[in-house]
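Participant: One structure is given below, represented as structure tokens, and several questions about it will come after.
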Amino acid sequence: MFNKKILTTSILAALSSMTVATMGYAAEDEAKDVEIITVTGIRGSLLRAMDVKRSSDGIVDAISAEDMGKFPDTNLAESLQRITGVSIDRASGEGSKVTVRGFGADKNLITLNGRQLPTTTGDRTFDFANIASESVSGVTVYKTSNASVTSGGIGATIDLQTHKPLQSPGTKASFGTKFVNDSSTDQGSTTPEISGLYSQTFADEKFGISLSGSYQERESGMQQFFQDQGYRASDYSNTGWGGVPAGADGGTNRPTSGNYSNPQQPRYVFEERQRERVNGQLVLQFKPIENLTTTLDYTLIRNTVEEQHTDASVWFNYAGDRSESVWDGSPNAVPLIYSEIYEINSDADFADTSLTVGSWGNEQKTDSIGLNIDWQVNDDLNLVLDHHSSKASMQATDPRHGTRNNLQLPSYTRTRTGLDLTGDLPGIATGNIESFTPETMRLSGIWFANDKYSSEIQQTQVKGEYVINDEVSIDFGVSVNTVNNHYRHTQVQRADWGGVGVEGDFADINWREDTILDKFDAKSGNFEGTPTQSDYDLFNTIYFADFDEIIRAAEFADPVANVDSLWGDCKAPAGASAGPNGEGHFCASTNWDADTNRFTEEKTTAYFTQVSYISEINDMPFSAFFGLRYETTDVDSKASAPGYSSIEWNEDTATSVTGVTGIESLHQSADYSQLLPSISVNLELTDDIVLRAAAGKTISRASYNQLQGGTTVNTGGSLSGYSGNSGNPALKPLESINFDVSAEYYYDEGSYVSLGYFRKDVTNWITTGTVDSAIFNLPNPLDGEKFRAATAALGANASNQEIRDYIFTNYADDPNVQPNFDEDGLLDGGKIIGDPTTDNIANFRLNVPVNGDNEETIDGIEFNVQHIFGDSGFGGIFNYTLTDSGLAYDNNSLQDTAALTGLSDTANIVAFYDKDGIQARIAYNWRDEFLNERRVNGDLTAPIYTEAYSQIDFNVSYDVAAVEGLTVFIEGINITNEYGRDTRLTYKLTQTGARYAVGARFSF
């Protein structure tokens, strides 16, 4: 019943992965020849994407490849951000994850050819950096619910489509190479990328084969200010540990109401990263008869990442004279300048300035094999069977290093400490900074973590379409999706953060000294206005060296480690705190069975039906789609984790949970069902104006990490208490009732304007609950007779060191009190072990994910205009998304509050030129401030926001006329070298630099 224009649009949408945009014919005598006019490049890509949008059932956006093997951007996420309502998160300066309509990556479902892919991160997010754009022919973003589309995305379901040979008959190939220079790295290297796609059909187009592949090396770096411990939030009345003194002793404008926050461990971080990515896909298609097409495909993804990490940091002890601190005086007070000045009477009074080093890597693998059978039974019935079996894994590239590690080298020479937050870059300053050298460094804490993920998906879908008449058809189907995840974690730790060995243990390493502040474009404050400004030395020195060389020196420096082991013995007992007994030889453990070991199986069975009705209302084409999807989900979780036997107070401000007693196991199961109705209607007011309305229910499931059962405790504690984490397999998915309306005006070829409104009423929000637990029944050395006796004798203002020294002196005969003495026989720390006869049982605050009972509304407006200026070659795109929610974080609360992370306004401006073999595009992307993380970590409580961010990218290509099929190009990413800064109290400032590439592509 649609007019010819709409019918043509529908055909073009179905063929959107092909480069054929229009077909015409001309007659010569009595024979007719068909001329195929191929529209490629930017213009062709926009035409095909617009056709998909116009002919869709609901509200859909799309991106199409400009030519075979040429997606608009080298990174899929960076292309997606051009779509209205889509914004991205970057990792190492490259698009990684997407947020749609304010819903973060974990609340959007990413599929490949309609299939859910396994992940190796413990959540459901897909990292777009893992897959090359060259093998992707199109991306479709479903913003409204569709009964036939796999559930799981509240923000959107995003489907990536790859090349199919029978959709592009004949012999075709595209090969490209490029060289990338990334200014974020100090290695100064140019890295290669190679890609190719070959497609051919045989036997009168009954058989087709397509082979694509890509290889990429990338060297990148990062400079960062980081407060990874967060800011310690306190009520104004807190004047004890973790707080500041009242009155003038607490500095200028010390708050007398509300909350205030103190820095804990500011650091300057420098990272280098090397990535090697290999992608490949083989597609075989066979069409023995006209109405039957079979497709067999295999997809391979390999991504190997190596990282080297060096940072320089200070730790605030909440001691000494803090009168030089300056506060902004607001209800949630920020220290514009925070300082601690220590009274130095002996070497023991110096605080430490620490160098932290690490080196690790991981390899991620994904293998997927799929079979699709499309059978047009007759004119009225079509059936499709689709099955895929996919596996993914992640593990360390070097078992010795694990997947994360840190080694601290403190220099106990600091006389004062300050943090100036008045500049764009927080300024760290110390007293006696000139003594921070390798000659004064000692060995301190060291830990190696080793994670291993594996995930497997078996998904079978049967879909059908039955045409009843010209107006009514029915889509129907059933699917079974089983996801098995296995997560293993082990960690060994050298817990004596107070330092061992002697100064000079690391002096002979081949160190490279470098500066810090000149590596940042942002400028730091310099403590101007403090009474003793000249006594603050800005932290501007850092040292780099080979990690393995540092480790070898550390093993010889540790007086209790097995110095003969070096790298020869990496069989440290998993989960053990590698302390004075010499457990752990400074390498990661692979004893998976003795530590965290978690299995989760999630099986979802779905049934759907959707009725399509196409007619006219007063000669206006009208269509309506009524869908119903019913799903049942079973979750089964098995988990094991180590138990512990004691708590040791082994340094002034920290304790350790030690002594593995064995492995405890837990098995939990849960199930739920969902009924997901949907309706969408489309009305074509004129040939050029389309109105749409849609309503439906969508869900977003909890992450696999949240569903995993079992309880783990943090092996490091403090005066603030002890903590741990537990999963919850009974978590229900988020539910959203959605409403959408939009108007689209297609006023010229390739040009249109659209305006839409959306509303989502969301329930079952997942928040962090806390449960008090006396797990393991461990006596707490910070809550017992000895501790109380010391505070009674020394007074409430006694320092931790004074309390420990009192216990070491007055309880020397207690077997749970074990002091250390230096070579001169002077007391030099030690450990105090919890005593079951005199100490109270430690309380662990366990963080547990739970469903809330509140309903919150997120709504917004999406505006988009795309315009091509006739045959001039010029064109442009502008879109803006305005979002709003009443679900805002309560900044006045010291407790976690429900809030939606990632919600922000976004805008994109793209200008392009495409004519006479020249293609050029420049894009401006902007994202407003948003809540990045709801952070709860003991009393280090603070919401983390990300400031507004913008970036400019460009690419220019030229078709070389002398060589048919040859194109040369140049690209620039983040050419303004913007940096991201987390707002309010500066939690993290990251600078990644610009990235440029030159290359060539040859197609035939």
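Numbering starts fresh at 1 for the residues of each chain in the structure tokens, the chains themselves are lettered A, B, ... in the order given, and ligands are numbered from 1 as they appear.
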Considering only helix (DSSP H, G or I) as DSSP defines it on the backbone, what residues of stretch 666-767 of chain A qualify? List them as a PyMOL selection string.
Facilitator: chain A and resi 704-707
Participant: For the strand (DSSP E) assignment from backbone DSSP, which residues of stretch 78-241 of chain A qualify? Please present them as a count of residues only.
Facilitator: 81
Participant: Within 8 Å of A:Lys70, counting only C-alpha atoms, which residues qualify if same-chain residues fewer than 5 places away don't, as number ranges by chain?
Facilitator: A: 65, 133-134
Participant: Keeping only N, CA and C atoms, take the residues you just selected and write them out as a CSV table (one decimal), in the first residue's frame.
Facilitator:
```csv
chain,number,residue,atom,x,y,z
A,65,ALA,N,29.0,1.7,5.8
A,65,ALA,CA,30.4,1.9,5.3
A,65,ALA,C,30.4,2.8,4.1
A,133,SER,N,37.3,-1.7,12.3
A,133,SER,CA,36.1,-1.2,11.6
A,133,SER,C,36.1,-1.7,10.2
A,134,GLU,N,37.2,-2.2,9.6
A,134,GLU,CA,37.3,-2.5,8.2
A,134,GLU,C,36.4,-3.6,7.8
```
Participant: Separation of atom CA of A:Arg275 and atom CA of A:Glu307, in Å?
Facilitator: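 We find that atom CA of A:Arg275 and atom CA of A:Glu307 lie 8.9 Å from each other.
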Participant: Which neighbours of A:Asn618 fall inside 12 Å, counting only C-alpha atoms, when residues of the same chain fewer than 4 positions from it are skipped, and could you give them as a ChimeraX atom specification?
Facilitator: /A:622,683-686
Participant: Contacts of stretch 672-674 of chain A at 8 Å or less, counting only C-alpha atoms, minus same-chain residues fewer than 6 places along, as a list of chain:residue names?
Facilitator: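 Returned residues: A:Tyr630, A:Glu631, A:Thr632, A:Thr633, A:Asp634, A:Lys732.
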Participant: Identify, on the basis of only C-alpha atoms, every residue whose closest approach to A:Val483 does not exceed 9 Å; exclude the query and any residue fewer than 3 positions from it along the same chain; express the result as an mmCIF file with N, CA and C atoms, in the first residue's frame.
Facilitator:
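Generated output (around01.cif):
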```cif
data_model
loop_
_atom_site.group_PDB
_atom_site.id
_atom_site.type_symbol
_atom_site.label_atom_id
_atom_site.label_comp_id
_atom_site.auth_asym_id
_atom_site.auth_seq_id
_atom_site.Cartn_x
_atom_site.Cartn_y
_atom_site.Cartn_z
ATOM 1 N N PRO A 118 30.377 -12.860 23.871
ATOM 2 C CA PRO A 118 30.898 -13.008 25.232
ATOM 3 C C PRO A 118 31.864 -11.873 25.556
ATOM 4 N N SER A 455 34.503 -17.037 29.115
ATOM 5 C CA SER A 455 33.074 -16.888 28.895
ATOM 6 C C SER A 455 32.692 -17.658 27.637
ATOM 7 N N GLU A 456 31.536 -18.294 27.683
ATOM 8 C CA GLU A 456 31.058 -19.069 26.538
ATOM 9 C C GLU A 456 29.573 -18.821 26.358
ATOM 10 N N ILE A 457 29.173 -18.596 25.108
ATOM 11 C CA ILE A 457 27.770 -18.366 24.780
ATOM 12 C C ILE A 457 27.333 -19.376 23.728
ATOM 13 N N GLN A 458 26.228 -20.029 23.990
ATOM 14 C CA GLN A 458 25.544 -20.874 23.015
ATOM 15 C C GLN A 458 24.172 -20.245 22.781
ATOM 16 N N GLN A 459 23.941 -19.756 21.569
ATOM 17 C CA GLN A 459 22.700 -19.047 21.277
ATOM 18 C C GLN A 459 22.068 -19.622 20.015
ATOM 19 N N THR A 600 29.286 -18.739 36.931
ATOM 20 C CA THR A 600 27.922 -18.248 36.790
ATOM 21 C C THR A 600 27.356 -18.735 35.463
ATOM 22 N N GLU A 601 26.171 -19.337 35.524
ATOM 23 C CA GLU A 601 25.467 -19.730 34.304
ATOM 24 C C GLU A 601 24.144 -18.994 34.265
ATOM 25 N N GLU A 602 23.888 -18.367 33.129
ATOM 26 C CA GLU A 602 22.636 -17.646 32.922
ATOM 27 C C GLU A 602 21.989 -18.190 31.653
ATOM 28 N N LYS A 603 20.790 -18.731 31.792
ATOM 29 C CA LYS A 603 20.079 -19.308 30.645
ATOM 30 C C LYS A 603 18.767 -18.569 30.461
ATOM 31 N N THR A 604 18.596 -18.004 29.261
ATOM 32 C CA THR A 604 17.382 -17.251 28.944
ATOM 33 C C THR A 604 16.684 -17.887 27.759
#
```
Participant: Sorted by chain and rising residue number, which residues of stretch 196-248 of chain A lie within 12 Å of stretch 327-334 of chain A, and what are their closest atom pairs and distances in Å to one decimal, counting only C-alpha atoms, as JSON lines?
Facilitator:
```
{"residue": "A:Tyr231", "atom": "CA", "partner": "A:Val334", "partner_atom": "CA", "distance": 10.0}
{"residue": "A:Arg232", "atom": "CA", "partner": "A:Val334", "partner_atom": "CA", "distance": 11.2}
{"residue": "A:Ala233", "atom": "CA", "partner": "A:Asn332", "partner_atom": "CA", "distance": 9.2}
{"residue": "A:Ser234", "atom": "CA", "partner": "A:Asn332", "partner_atom": "CA", "distance": 9.7}
{"residue": "A:Asp235", "atom": "CA", "partner": "A:Asn332", "partner_atom": "CA", "distance": 9.4}
{"residue": "A:Tyr236", "atom": "CA", "partner": "A:Ala333", "partner_atom": "CA", "distance": 9.1}
{"residue": "A:Val244", "atom": "CA", "partner": "A:Trp327", "partner_atom": "CA", "distance": 11.4}
{"residue": "A:Ala248", "atom": "CA", "partner": "A:Trp327", "partner_atom": "CA", "distance": 11.7}
```
Participant: With a cut-off of 10 Å, could you pull out the residues of stretch 81-148 of chain A touching stretch 854-864 of chain A and give me the nearest pair of atoms for each, distance in Å to one decimal, using only C-alpha atoms, ordered by chain and ascending number, as JSON lines?
Facilitator:
```
{"residue": "A:Ile83", "atom": "CA", "partner": "A:Asn864", "partner_atom": "CA", "distance": 8.7}
{"residue": "A:Thr84", "atom": "CA", "partner": "A:Glu862", "partner_atom": "CA", "distance": 6.4}
{"residue": "A:Gly85", "atom": "CA", "partner": "A:Glu862", "partner_atom": "CA", "distance": 6.6}
{"residue": "A:Arg101", "atom": "CA", "partner": "A:Gly860", "partner_atom": "CA", "distance": 7.7}
{"residue": "A:Gly102", "atom": "CA", "partner": "A:Ile858", "partner_atom": "CA", "distance": 8.2}
{"residue": "A:Phe103", "atom": "CA", "partner": "A:Ile858", "partner_atom": "CA", "distance": 9.5}
```
Participant: If we count only C-alpha atoms, what is near A:Gln200 at a cut-off of 9 Å, once residues fewer than 6 positions away on the same chain are taken out, given as a PyMOL selection string?
Facilitator: chain A and resi 165-166+168-173+207-210
Participant: Which one of A:Gln227, A:Ser637, A:Gln866, A:Gln461 sits closest to A:Tyr752 if you count only C-alpha atoms?
Facilitator: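 Closest residue, counting only C-alpha atoms: A:Gln866.
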